[in-house]
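Visitor: Before I ask anything, let me first share the structure, which is written out below as structure tokens.
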Amino acid sequence: MREAVIVEAVRTAVGKRRGGLSGRHPVDLSAFVLNALVERAGVDPVVVDDVVWGCVSQVGDQASNIARYSVLAAGWPETVPGTTVNRACGSGQQALDFAAQAVMSGQQDVVVAGGVEVMSRVPLGAAREGGMPFGPRALARYDGFPFNQGLSAEKIARRWGFGRNRLDEYAALSHERAAAAQDAGAFDAEIVPVTEDGVTVAVDEVVRRGTTVETLSGLKPAFLDDGVIHAGNSSPITDGAAALLVTTPEKARELGLTPIVRYRGGAVVGSDPVLMLTGPIPATERVLRRTAVGLDEVGVFEVNEAFAPIPLAWLAETGVDPVLMNPLGGAIALGHPLGATGAILMTRMLHHMRSRGIRYGLQTMCEGGGSANATLVELAA
């Protein structure tokens, strides 16, 4: 089987709700990042065999095949196709896995993977309005099937014994790490500034500097009156897009490109759909087993912070050094624009790996419905 490599990765800054990116149509924002990717790489988009694009709320401005319309909006040749992927919060990561699989199988040579979500324009849950997407049989199978992921986060916090103070400590740490990364210029190489009506967005907008357990203590629980999950220890509503260029080492040489990382393997698992958000634990185990890489060999882990209990439960079960998990902050501080997050996290991780000389990086994400992705990459020599 052929090898797949990522040769370039870019993202927008993540915009806050009704912030600097909210005026951009999701198709146009996707087109912007697609063009930024090929311009950064210095390749003609005519060589792209396919665009695989994550998007979760596929209604309204994000309806139909947003990948194809983004290609057309970018001005790329009409011969370049596009397909839209929805694996809930893992859509952008699944897009990368599909792209790598297509390249490794020999079916395609150059594939763009990524995703978009402009939650300011298409709110969370918009796709469910007026319908019952879970269906009566799924609802009948599970007593208390959760319509709200926040309730699952509450269940996880209780099962692993995380009190509000522990969750808020972790949330404050996420903001502290993200602010330090911004100050150190850690995101500068990966972010492509977006200008709209004379306003440029070049810095992630949702980092709250100075966040402490004390500042979070006044926030009311969001899902249960006696709950521990609130807006401050959950990922905020955000907007953003990211794109990665995937090919083979041979094609990279032909195009004059230098690989950043090798795609070592991906895994997707199903887990308890009531707890829903614990899938990253078995997904991590599966991808490491498939790639024959030890947990202690991995130098950085990106575990999506949909809610604070998710990475903390993963940490408790794996025993990983906390310093290695989300070292630049996570979604609590930097945002979680659903369909784009998987691509954003991978972009962030591989740039971090390159700057620090880290050999292996592992990314994993929980997803609505009780599934999870895990992807392992290795720094290219």
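Residue names in the structure tokens use chain letters A, B, ... in the order shown, residue numbers from 1 in each chain, and ligand numbers from 1 in the order shown.
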What's around Gln94 (chain A) at 8 Å? Count only C-alpha atoms, leave out sequence neighbours fewer than 2 positions away in its own chain, and write the answer as a list in words.
Guide: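 After dropping sequence-adjacent residues, the list is Gly54, Val85, Arg87, Gly90, Ser91, Gly92, Leu96, Asp97, Phe98, Gly342 and Asn373 of chain A.
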Visitor: Could you write out that same residue set with N, CA and C atoms as a PDB file, in the first residue's frame?
Guide:
```pdb
ATOM      1  N   GLY A  54     -15.539  18.487   5.741  1.00  0.00           N
ATOM      2  CA  GLY A  54     -16.423  18.254   6.867  1.00  0.00           C
ATOM      3  C   GLY A  54     -17.367  19.422   7.099  1.00  0.00           C
ATOM      4  N   VAL A  85     -18.689  15.557   4.208  1.00  0.00           N
ATOM      5  CA  VAL A  85     -18.696  14.485   5.196  1.00  0.00           C
ATOM      6  C   VAL A  85     -19.349  14.978   6.484  1.00  0.00           C
ATOM      7  N   ARG A  87     -19.548  13.317  10.155  1.00  0.00           N
ATOM      8  CA  ARG A  87     -19.398  12.392  11.280  1.00  0.00           C
ATOM      9  C   ARG A  87     -19.442  13.223  12.560  1.00  0.00           C
ATOM     10  N   GLY A  90     -16.470  14.999  14.575  1.00  0.00           N
ATOM     11  CA  GLY A  90     -15.264  14.466  13.950  1.00  0.00           C
ATOM     12  C   GLY A  90     -15.237  14.598  12.447  1.00  0.00           C
ATOM     13  N   SER A  91     -16.119  15.400  11.873  1.00  0.00           N
ATOM     14  CA  SER A  91     -16.235  15.468  10.410  1.00  0.00           C
ATOM     15  C   SER A  91     -14.942  15.900   9.732  1.00  0.00           C
ATOM     16  N   GLY A  92     -14.293  16.922  10.231  1.00  0.00           N
ATOM     17  CA  GLY A  92     -13.051  17.389   9.628  1.00  0.00           C
ATOM     18  C   GLY A  92     -11.929  16.383   9.752  1.00  0.00           C
ATOM     19  N   LEU A  96      -9.996  14.000   6.657  1.00  0.00           N
ATOM     20  CA  LEU A  96      -8.574  13.699   6.489  1.00  0.00           C
ATOM     21  C   LEU A  96      -8.353  12.196   6.359  1.00  0.00           C
ATOM     22  N   ASP A  97      -9.017  11.419   7.197  1.00  0.00           N
ATOM     23  CA  ASP A  97      -8.863   9.968   7.107  1.00  0.00           C
ATOM     24  C   ASP A  97      -9.298   9.448   5.736  1.00  0.00           C
ATOM     25  N   PHE A  98     -10.432   9.947   5.236  1.00  0.00           N
ATOM     26  CA  PHE A  98     -10.887   9.522   3.911  1.00  0.00           C
ATOM     27  C   PHE A  98      -9.890   9.933   2.825  1.00  0.00           C
ATOM     28  N   GLY A 342     -11.827  19.103  13.452  1.00  0.00           N
ATOM     29  CA  GLY A 342     -10.862  18.042  13.219  1.00  0.00           C
ATOM     30  C   GLY A 342      -9.700  18.487  12.366  1.00  0.00           C
ATOM     31  N   ASN A 373     -13.095   9.348  16.449  1.00  0.00           N
ATOM     32  CA  ASN A 373     -11.964   9.135  15.556  1.00  0.00           C
ATOM     33  C   ASN A 373     -10.658   9.286  16.330  1.00  0.00           C
TER      34      ASN A 373
END
```
Visitor: Report the closest atom pair, with its distance in Å rounded to one decimal, for each residue of region 101-220 of chain A that has an atom no farther than 10 Å from region 23-43 of chain A; count only C-alpha atoms, sort by chain and then rising residue number, and write it as CSV.
Guide:
```
residue,atom,partner,partner_atom,distance
A:Val112,CA,A:Leu34,CA,8.2
A:Ala113,CA,A:Leu34,CA,9.5
A:Gly114,CA,A:Ser30,CA,8.8
A:Gly115,CA,A:Ser30,CA,7.4
A:Val116,CA,A:Ser30,CA,6.3
A:Glu117,CA,A:Pro26,CA,6.6
A:Val118,CA,A:Pro26,CA,5.9
A:Met119,CA,A:Pro26,CA,9.3
A:Ser120,CA,A:Gly23,CA,8.6
A:Arg121,CA,A:His25,CA,8.1
A:Val122,CA,A:Pro26,CA,9.3
A:Ile191,CA,A:Val33,CA,9.7
A:Val192,CA,A:Ala36,CA,7.0
A:Pro193,CA,A:Ala36,CA,9.6
A:Val194,CA,A:Phe32,CA,8.1
A:Thr195,CA,A:Arg24,CA,9.8
A:Glu196,CA,A:Gly23,CA,7.6
A:Asp197,CA,A:Gly23,CA,9.1
```
Visitor: Write out as JSON, numbers by chain which residues come within 12 Å of Val300 (chain A) when counting only C-alpha atoms, dropping same-chain ones fewer than 2 positions away.
Guide: {"A": [295, 296, 297, 298, 302, 303, 320, 321, 322, 323, 324, 325, 326, 327, 328, 345, 346, 348, 349, 350, 351, 352, 353, 354, 356, 357, 358, 359, 360, 361, 362, 363, 364, 376, 377, 378, 379]}
Visitor: Hey, can you spit out that residue selection with N, CA and C atoms as a short mmCIF file (atom, residue, chain, number, x, y, z; two decimals), in the first residue's frame?
Guide:
```cif
data_model
loop_
_atom_site.label_atom_id
_atom_site.label_comp_id
_atom_site.auth_asym_id
_atom_site.auth_seq_id
_atom_site.Cartn_x
_atom_site.Cartn_y
_atom_site.Cartn_z
N LEU A 295 2.02 3.99 23.40
CA LEU A 295 1.52 5.24 23.95
C LEU A 295 2.66 6.13 24.42
N ASP A 296 3.70 5.52 24.98
CA ASP A 296 4.83 6.29 25.50
C ASP A 296 5.73 6.85 24.40
N GLU A 297 5.49 6.46 23.15
CA GLU A 297 6.27 7.00 22.04
C GLU A 297 5.67 8.30 21.49
N VAL A 298 4.43 8.58 21.83
CA VAL A 298 3.74 9.75 21.30
C VAL A 298 4.11 10.98 22.11
N GLU A 302 -3.76 15.62 20.90
CA GLU A 302 -4.86 16.58 20.80
C GLU A 302 -6.15 15.82 21.08
N VAL A 303 -6.77 16.13 22.20
CA VAL A 303 -8.02 15.50 22.61
C VAL A 303 -9.06 16.61 22.67
N VAL A 320 -1.63 9.25 30.43
CA VAL A 320 -0.69 10.10 29.71
C VAL A 320 -0.26 11.28 30.60
N ASP A 321 0.98 11.70 30.44
CA ASP A 321 1.46 12.90 31.13
C ASP A 321 0.60 14.09 30.71
N PRO A 322 -0.06 14.77 31.65
CA PRO A 322 -0.95 15.88 31.29
C PRO A 322 -0.27 16.99 30.50
N VAL A 323 1.03 17.10 30.62
CA VAL A 323 1.76 18.14 29.89
C VAL A 323 1.69 17.91 28.38
N LEU A 324 1.54 16.66 27.99
CA LEU A 324 1.55 16.32 26.56
C LEU A 324 0.18 16.47 25.91
N MET A 325 -0.86 16.64 26.68
CA MET A 325 -2.21 16.74 26.13
C MET A 325 -2.62 18.19 25.95
N ASN A 326 -2.99 18.55 24.73
CA ASN A 326 -3.46 19.90 24.42
C ASN A 326 -2.52 20.98 24.98
N PRO A 327 -1.24 20.91 24.62
CA PRO A 327 -0.26 21.84 25.19
C PRO A 327 -0.47 23.30 24.78
N LEU A 328 -1.22 23.53 23.70
CA LEU A 328 -1.46 24.90 23.24
C LEU A 328 -2.88 25.37 23.57
N LEU A 345 -7.56 21.09 14.50
CA LEU A 345 -6.70 20.44 15.48
C LEU A 345 -5.50 19.79 14.82
N MET A 346 -5.71 19.12 13.69
CA MET A 346 -4.59 18.49 13.00
C MET A 346 -3.62 19.54 12.49
N ARG A 348 -3.06 22.45 13.79
CA ARG A 348 -2.35 22.95 14.97
C ARG A 348 -1.30 21.96 15.44
N MET A 349 -1.67 20.68 15.45
CA MET A 349 -0.77 19.67 15.98
C MET A 349 0.45 19.47 15.09
N LEU A 350 0.26 19.40 13.78
CA LEU A 350 1.42 19.12 12.93
C LEU A 350 2.38 20.32 12.87
N HIS A 351 1.85 21.54 12.95
CA HIS A 351 2.75 22.70 13.02
C HIS A 351 3.54 22.68 14.34
N HIS A 352 2.88 22.27 15.42
CA HIS A 352 3.56 22.14 16.71
C HIS A 352 4.63 21.06 16.65
N MET A 353 4.31 19.94 16.02
CA MET A 353 5.28 18.85 15.89
C MET A 353 6.51 19.31 15.12
N ARG A 354 6.28 20.04 14.03
CA ARG A 354 7.40 20.51 13.22
C ARG A 354 8.27 21.50 13.99
N ARG A 356 8.71 21.72 17.19
CA ARG A 356 9.36 21.12 18.36
C ARG A 356 10.11 19.84 18.04
N GLY A 357 10.06 19.38 16.80
CA GLY A 357 10.74 18.14 16.45
C GLY A 357 10.14 16.91 17.12
N ILE A 358 8.83 16.90 17.27
CA ILE A 358 8.13 15.78 17.92
C ILE A 358 7.82 14.70 16.88
N ARG A 359 8.20 13.47 17.17
CA ARG A 359 8.07 12.42 16.16
C ARG A 359 6.62 12.01 15.91
N TYR A 360 5.88 11.67 16.99
CA TYR A 360 4.51 11.17 16.82
C TYR A 360 3.50 12.13 17.46
N GLY A 361 2.38 12.32 16.78
CA GLY A 361 1.27 13.07 17.33
C GLY A 361 -0.01 12.30 17.12
N LEU A 362 -0.88 12.30 18.14
CA LEU A 362 -2.15 11.58 18.07
C LEU A 362 -3.29 12.54 18.36
N GLN A 363 -4.30 12.49 17.51
CA GLN A 363 -5.47 13.34 17.66
C GLN A 363 -6.71 12.48 17.79
N THR A 364 -7.60 12.83 18.72
CA THR A 364 -8.84 12.07 18.88
C THR A 364 -9.97 12.99 19.27
N LEU A 376 -3.14 9.01 13.91
CA LEU A 376 -1.74 9.09 14.30
C LEU A 376 -0.91 9.55 13.12
N VAL A 377 -0.06 10.54 13.33
CA VAL A 377 0.85 11.04 12.29
C VAL A 377 2.27 11.03 12.82
N GLU A 378 3.22 10.94 11.89
CA GLU A 378 4.64 10.90 12.24
C GLU A 378 5.37 12.00 11.49
N LEU A 379 6.21 12.72 12.18
CA LEU A 379 6.97 13.81 11.57
C LEU A 379 7.83 13.25 10.44
#
```
Visitor: Can you list every residue in region 178-319 of chain A that DSSP puts in strand (DSSP E), as a PyMOL selection string?
Guide: chain A and resi 194-196+199-201+238-247+261-270+300-303
Visitor: May I have the residues within 8 Å of Ile344 (chain A) as a ChimeraX atom specification, using only C-alpha atoms and disregarding those fewer than 5 positions away in the same chain?
Guide: /A:11,92,241-243
Visitor: From region 150-343 of chain A, collect each residue whose DSSP state is helix (DSSP H, G or I) and return the set as a PyMOL selection string.
Guide: chain A and resi 150-160+164-183+213-216+231-233+249-255+280-291+295-297+309-318+322-324+331-334+338-343
Visitor: Within 6 Å of Val56 (chain A), counting only C-alpha atoms, which residues qualify if same-chain residues fewer than 3 places away don't, as a CSV table (one decimal) with C-alpha atoms, in the first residue's frame?
Guide:
```csv
chain,number,residue,atom,x,y,z
A,86,ASN,CA,-20.7,14.4,8.4
A,88,ALA,CA,-20.7,14.9,13.8
A,339,GLY,CA,-17.2,20.5,11.0
```
Visitor: Pick the closest to Phe145 (chain A) from A:Val110, A:Val246, A:Val274, A:Val261: which is it, counting only C-alpha atoms?
Guide: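 The closest residue to Phe145 (chain A) is A:Val274.
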Visitor: CA of Ala372 (chain A) and CA of Val52 (chain A) are how many Å apart?
Guide: 18.4 Å
Visitor: Can you pull out the residues contacting Val46 (chain A)? Cut-off 10 Å, using only C-alpha atoms, and skip same-chain residues under 3 positions away; I want them as a PyMOL selection string.
Guide: chain A and resi 43+49+76-80+110
Visitor: Name the residues in contact with region 219-229 of chain A at a cut-off of 7 Å, using only C-alpha atoms, excluding same-chain residues fewer than 2 positions from it; report them as an MDAnalysis selection string.
Guide: chainID A and resid 150:151 154 163:164 216:217 231 233
Visitor: With N, CA and C atoms retained, could you export that selection as a short mmCIF file (atom, residue, chain, number, x, y, z; two decimals), in the first residue's frame?
Guide:
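This is the output file out-v2.cif:
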```cif
data_model
loop_
_atom_site.label_atom_id
_atom_site.label_comp_id
_atom_site.auth_asym_id
_atom_site.auth_seq_id
_atom_site.Cartn_x
_atom_site.Cartn_y
_atom_site.Cartn_z
N GLY A 150 -24.54 17.96 26.47
CA GLY A 150 -24.21 18.45 27.80
C GLY A 150 -24.64 17.50 28.90
N LEU A 151 -25.76 16.80 28.68
CA LEU A 151 -26.22 15.82 29.66
C LEU A 151 -25.27 14.62 29.71
N GLU A 154 -22.35 15.65 31.74
CA GLU A 154 -22.68 15.55 33.17
C GLU A 154 -22.52 14.11 33.66
N GLY A 163 -15.54 16.90 40.12
CA GLY A 163 -16.36 17.98 40.66
C GLY A 163 -16.19 19.25 39.84
N ARG A 164 -17.02 20.23 40.14
CA ARG A 164 -16.97 21.47 39.37
C ARG A 164 -15.61 22.15 39.49
N LEU A 216 -14.84 31.78 37.00
CA LEU A 216 -15.81 30.84 36.46
C LEU A 216 -16.90 30.47 37.47
N SER A 217 -16.65 30.75 38.73
CA SER A 217 -17.54 30.26 39.79
C SER A 217 -18.93 30.89 39.74
N ALA A 231 -21.12 27.20 30.71
CA ALA A 231 -20.53 27.80 29.51
C ALA A 231 -19.02 27.93 29.62
N ASN A 233 -16.78 25.89 31.11
CA ASN A 233 -15.98 24.67 30.96
C ASN A 233 -16.46 23.83 29.79
#
```
Visitor: Using only C-alpha atoms, pick whichever of A:Leu255, A:Ala333, A:Ile6, A:Ala100 has the shortest atom-to-atom distance to Asn304 (chain A).
Guide: A:Ala333
Visitor: Between CA of Val201 (chain A) and CA of Leu257 (chain A), what distance in Å does the model show, to one decimal?
Guide: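 Computed distance, CA of Val201 (chain A) to CA of Leu257 (chain A), equals 28.0 Å.
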Visitor: Ranking A:Pro45, A:Gly130, A:Gly370, A:Gly135 by minimum distance to Val111 (chain A) and counting only C-alpha atoms, which one comes first?
Guide: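 Using only C-alpha atoms, the shortest distance to Val111 (chain A) belongs to A:Pro45.
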Visitor: Using only C-alpha atoms, which of the listed residues (A:Val71, A:Met365, A:Ala153, A:Ala331) sits closest to Ala283 (chain A)?
Guide: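 Residue with the minimum atom-to-atom distance to Ala283 (chain A): A:Met365.
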Visitor: Which value, in Å to one decimal, gives the distance between CA of Gly335 (chain A) and CA of Gln101 (chain A)?
Guide: 27.9 Å
